[in-house]
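Trainee: Structure file target_7.cif (mmCIF, C-alpha atoms) is given on the next line.
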```cif
data_entry
loop_
_atom_site.label_atom_id
_atom_site.label_comp_id
_atom_site.auth_asym_id
_atom_site.auth_seq_id
_atom_site.Cartn_x
_atom_site.Cartn_y
_atom_site.Cartn_z
CA MET A 1 0.00 0.00 0.00
CA LEU A 2 1.23 3.45 -0.89
CA ASN A 3 -0.05 6.87 0.15
CA ARG A 4 2.39 9.54 -1.04
CA VAL A 5 1.73 13.09 -2.17
CA VAL A 6 4.29 15.48 -3.63
CA LEU A 7 3.14 19.01 -4.50
CA VAL A 8 4.71 22.30 -5.55
CA GLY A 9 2.63 25.45 -5.23
CA ARG A 10 2.24 28.87 -3.68
CA LEU A 11 0.77 29.63 -0.27
CA THR A 12 -2.63 31.27 -0.65
CA LYS A 13 -2.33 33.01 2.74
CA ASP A 14 0.05 33.11 5.69
CA PRO A 15 0.27 29.75 7.49
CA ASP A 16 -1.97 29.43 10.56
CA LEU A 17 0.34 28.38 13.42
CA ARG A 18 -1.26 27.07 16.62
CA TYR A 19 -0.20 24.91 19.55
CA THR A 20 -1.96 21.89 21.02
CA PRO A 21 -2.69 21.87 24.78
CA ASN A 22 0.51 19.78 25.13
CA GLY A 23 2.55 22.49 23.37
CA VAL A 24 3.00 20.76 20.00
CA ALA A 25 3.15 23.19 17.07
CA VAL A 26 0.75 22.63 14.16
CA ALA A 27 0.34 24.81 11.06
CA ASN A 28 -2.53 24.66 8.60
CA PHE A 29 -1.99 26.11 5.16
CA THR A 30 -3.37 25.99 1.63
CA ILE A 31 -1.31 25.90 -1.53
CA ALA A 32 -2.41 26.72 -5.06
CA VAL A 33 -1.07 24.15 -7.52
CA ASN A 34 -1.35 24.92 -11.24
CA ARG A 35 -2.86 22.18 -13.36
CA PRO A 36 -0.52 20.90 -16.09
CA PHE A 37 -2.93 21.81 -18.90
CA SER A 38 -4.91 24.82 -20.09
CA SER A 39 -8.67 25.05 -20.27
CA ASN A 40 -10.52 25.56 -23.58
CA SER A 41 -10.25 29.32 -23.06
CA GLY A 42 -6.46 29.06 -22.67
CA ASP A 43 -6.44 29.73 -18.93
CA ARG A 44 -4.51 27.56 -16.49
CA ASP A 45 -6.66 26.50 -13.58
CA ALA A 46 -5.25 25.78 -10.13
CA ASP A 47 -6.24 23.38 -7.40
CA PHE A 48 -6.27 24.66 -3.83
CA ILE A 49 -4.94 21.93 -1.54
CA ASN A 50 -5.36 22.04 2.24
CA CYS A 51 -2.28 20.89 4.14
CA VAL A 52 -1.13 20.48 7.74
CA VAL A 53 2.38 20.18 9.15
CA TRP A 54 3.50 19.49 12.73
CA ARG A 55 6.25 20.37 15.20
CA ARG A 56 9.42 22.23 14.18
CA ALA A 57 8.50 22.14 10.48
CA ALA A 58 5.26 23.98 11.37
CA GLU A 59 7.15 26.70 13.23
CA ASN A 60 9.69 27.06 10.42
CA LEU A 61 6.94 27.36 7.82
CA ALA A 62 5.12 30.05 9.83
CA ASN A 63 8.34 31.96 10.57
CA PHE A 64 9.92 31.92 7.12
CA MET A 65 7.15 31.62 4.52
CA ASN A 66 4.10 33.76 3.87
CA LYS A 67 1.33 34.38 1.37
CA GLY A 68 2.61 33.83 -2.18
CA SER A 69 5.72 31.85 -1.18
CA LEU A 70 6.63 28.89 -3.37
CA VAL A 71 6.87 25.65 -1.37
CA GLY A 72 7.25 21.94 -2.00
CA VAL A 73 5.20 19.57 0.14
CA ASP A 74 5.96 15.88 0.65
CA GLY A 75 3.47 13.89 2.69
CA ARG A 76 0.39 11.70 2.65
CA LEU A 77 -3.31 12.17 2.01
CA GLN A 78 -5.55 11.83 5.07
CA SER A 79 -9.33 11.86 5.48
CA ARG A 80 -11.10 12.50 8.76
CA SER A 81 -14.52 13.54 9.98
CA PHE A 82 -15.99 15.40 12.93
CA ASP A 83 -19.31 16.80 14.09
CA ASN A 84 -19.55 20.57 13.68
CA GLN A 85 -21.36 22.98 16.04
CA GLU A 86 -24.68 22.28 14.33
CA GLY A 87 -24.22 18.54 14.89
CA LYS A 88 -23.60 17.78 11.20
CA ARG A 89 -20.86 15.37 10.18
CA VAL A 90 -18.06 17.18 8.30
CA PHE A 91 -15.53 15.28 6.17
CA VAL A 92 -12.07 16.71 5.62
CA THR A 93 -9.36 15.53 3.24
CA GLU A 94 -5.93 17.13 3.59
CA VAL A 95 -2.25 16.49 2.99
CA VAL A 96 -0.33 15.73 6.17
CA ALA A 97 3.14 17.00 5.32
CA ASP A 98 6.21 15.06 6.38
CA SER A 99 8.33 17.92 5.08
CA VAL A 100 7.87 21.34 3.53
CA GLN A 101 10.67 22.63 1.32
CA PHE A 102 11.12 26.38 0.88
CA LEU A 103 11.67 26.85 -2.84
CA GLU A 104 12.49 30.54 -2.69
CA SER A 105 13.90 32.86 -0.08
CA LYS A 106 11.62 35.00 2.05
CA GLY A 107 10.63 38.17 0.24
CA SER A 108 11.41 36.94 -3.27
CA SER A 109 7.91 35.76 -4.24
CA GLN A 110 5.90 37.73 -6.77
CA GLY A 111 2.97 37.48 -4.38
CA GLY A 112 4.19 40.30 -2.18
CA GLY A 113 7.03 38.93 -0.10
CA ASN A 114 6.25 40.66 3.19
CA ARG A 115 3.68 39.72 5.78
CA GLY A 116 0.48 41.52 4.99
CA GLY A 117 1.86 42.63 1.63
CA SER A 118 0.14 42.57 -1.70
CA GLY A 119 -1.96 39.53 -2.48
CA PHE A 120 -1.30 36.13 -3.96
CA GLN A 121 -1.18 36.25 -7.73
CA PRO A 122 -2.25 32.87 -9.09
CA ASN A 123 -1.78 33.73 -12.76
CA GLN A 124 1.98 33.97 -13.16
CA ASN A 125 2.15 33.55 -16.93
CA GLN A 126 4.19 36.68 -17.57
CA PRO A 127 7.65 35.90 -18.96
CA ALA A 128 10.53 36.45 -16.59
CA SER A 129 12.50 39.58 -17.32
CA ASN A 130 16.27 39.56 -17.57
CA GLN A 131 17.57 41.80 -14.80
CA PHE A 132 20.38 43.04 -17.06
CA GLY A 133 17.98 43.93 -19.85
CA SER A 134 18.99 43.97 -23.48
CA ASN A 135 21.75 46.53 -23.39
CA GLN A 136 22.46 47.50 -26.97
CA ASN A 137 25.58 49.48 -26.06
CA ASN A 138 27.20 46.34 -24.59
CA ASN A 139 29.75 48.32 -22.65
CA LYS A 140 31.96 46.36 -20.25
CA GLN A 141 30.52 48.01 -17.13
CA ASP A 142 27.02 46.62 -17.78
CA ASP A 143 28.14 43.13 -18.86
CA PRO A 144 28.32 40.79 -15.83
CA PHE A 145 30.40 38.29 -17.86
CA ALA A 146 32.97 40.78 -19.15
CA ASP A 147 35.71 39.58 -16.74
CA GLN A 148 36.23 36.48 -18.94
CA GLY A 149 36.73 34.00 -16.14
CA GLU A 150 38.43 36.25 -13.64
CA PRO A 151 37.07 35.99 -10.05
CA ILE A 152 34.34 38.46 -9.22
CA ASP A 153 33.25 39.65 -5.80
CA ILE A 154 29.76 38.36 -4.90
CA SER A 155 28.32 38.45 -1.41
CA ASP A 156 26.27 35.54 -0.04
CA ASP A 157 23.22 37.86 -0.03
CA ASP A 158 23.35 38.01 -3.84
CA LEU A 159 23.15 34.24 -4.28
CA PRO A 160 19.70 32.77 -5.01
CA PHE A 161 20.25 29.70 -2.83
#
```
Would you mind writing the file's structure down as structure tokens?
Mentor:
Amino acid sequence: MLNRVVLVGRLTKDPDLRYTPNGVAVANFTIAVNRPFSSNSGDRDADFINCVVWRRAAENLANFMNKGSLVGVDGRLQSRSFDNQEGKRVFVTEVVADSVQFLESKGSSQGGGNRGGSGFQPNQNQPASNQFGSNQNNNKQDDPFADQGEPIDISDDDLPF
């Protein structure tokens, strides 16, 4: 028997971190996962998947990721039910994450990057822009590869990983 789920998507809101009465951290979050195909109108739909993660991984998720952040989730699918306040049986299916990978650094998501910032943007079909642009003058000062193999000074803050 196998129950394994692997997802990559963007957080639709900040993770909801809580603690059980015994002090165990638990975070609930939802990720938007683009479908691998376009609809008849050419739009790409997304599925919104409810997830939960426990303990230190829950605290790390809440502390370092926010609305719009790109994450990878590895876990299992779980179904449960409970009686709500009106006495009706409610069924819930969610991914219980064994691990959550942060696929971009805090603040680098297009969805805003800061807590309470601009909203999640599910349609990210715009082409990425080259930060150096298309410089038609091609002078050595603007060309990051002009040193022809000589060492260049880059701080750790400039690295994307």
Trainee: Quick one: residues within 8 Å of region 11-22 of chain A, all atoms listed in the file counted, chain neighbours fewer than 3 positions away excluded, as a ChimeraX atom specification?
Mentor: /A:25-32,58-59,61-62,65-71,115,120
Trainee: With distances taken over all atoms listed in the file, which of A:Ser38, A:Val6, A:Phe91, A:Gly75 is nearest to Val53 (chain A)?
Mentor: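 Using all atoms listed in the file, the shortest distance to Val53 (chain A) belongs to A:Gly75.
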Trainee: Could you list, as a PyMOL selection string, every residue within 8 Å of Ser79 (chain A), counting all atoms listed in the file and ignoring same-chain residues fewer than 3 positions away?
Mentor: chain A and resi 91-94
Trainee: One decimal, in Å: what's the spacing between CA of Val52 (chain A) and CA of Ser39 (chain A)?
Mentor: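 Separating CA of Val52 (chain A) from CA of Ser39 (chain A) is a distance of 29.4 Å.
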Trainee: Could you please determine the separation between CA of Ile49 (chain A) and CA of Arg35 (chain A) in Å, to one decimal place?
Mentor: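 Distance reported for this atom pair: 12.0 Å.
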Trainee: Looking at A:Ala46, A:Val24, A:Val5, A:Pro36, which one is nearest to Val96 (chain A), with distances taken over only C-alpha atoms?
Mentor: A:Val5
Trainee: Nearest to Leu7 (chain A): which of A:Val95, A:Arg55, A:Glu104, A:Glu86 is it, counting all atoms listed in the file?
Mentor: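 Between A:Val95, A:Arg55, A:Glu104, A:Glu86, the residue approaching Leu7 (chain A) most closely is A:Val95.
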Trainee: Would you compute the distance between CA of Phe48 (chain A) and CA of Gln78 (chain A)? Give it in Å to one decimal.
Mentor: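 Interatomic distance, CA of Phe48 (chain A) to CA of Gln78 (chain A): 15.6 Å.
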Trainee: Convert the output of the PyMOL selection byres ((chain A and resi 72) around 9) on the shown file into explicit residues, formatted as a PyMOL selection string.
Mentor: chain A and resi 6-10+70-71+73-74+99-103
Trainee: Please produce a file of the residues just selected, as an mmCIF file, in the frame of the given file, where the atoms kept are C-alpha atoms.
Mentor:
```cif
data_model
loop_
_atom_site.group_PDB
_atom_site.id
_atom_site.type_symbol
_atom_site.label_atom_id
_atom_site.label_comp_id
_atom_site.auth_asym_id
_atom_site.auth_seq_id
_atom_site.Cartn_x
_atom_site.Cartn_y
_atom_site.Cartn_z
ATOM 1 C CA VAL A 6 4.290 15.480 -3.630
ATOM 2 C CA LEU A 7 3.140 19.010 -4.500
ATOM 3 C CA VAL A 8 4.710 22.300 -5.550
ATOM 4 C CA GLY A 9 2.630 25.450 -5.230
ATOM 5 C CA ARG A 10 2.240 28.870 -3.680
ATOM 6 C CA LEU A 70 6.630 28.890 -3.370
ATOM 7 C CA VAL A 71 6.870 25.650 -1.370
ATOM 8 C CA VAL A 73 5.200 19.570 0.140
ATOM 9 C CA ASP A 74 5.960 15.880 0.650
ATOM 10 C CA SER A 99 8.330 17.920 5.080
ATOM 11 C CA VAL A 100 7.870 21.340 3.530
ATOM 12 C CA GLN A 101 10.670 22.630 1.320
ATOM 13 C CA PHE A 102 11.120 26.380 0.880
ATOM 14 C CA LEU A 103 11.670 26.850 -2.840
#
```
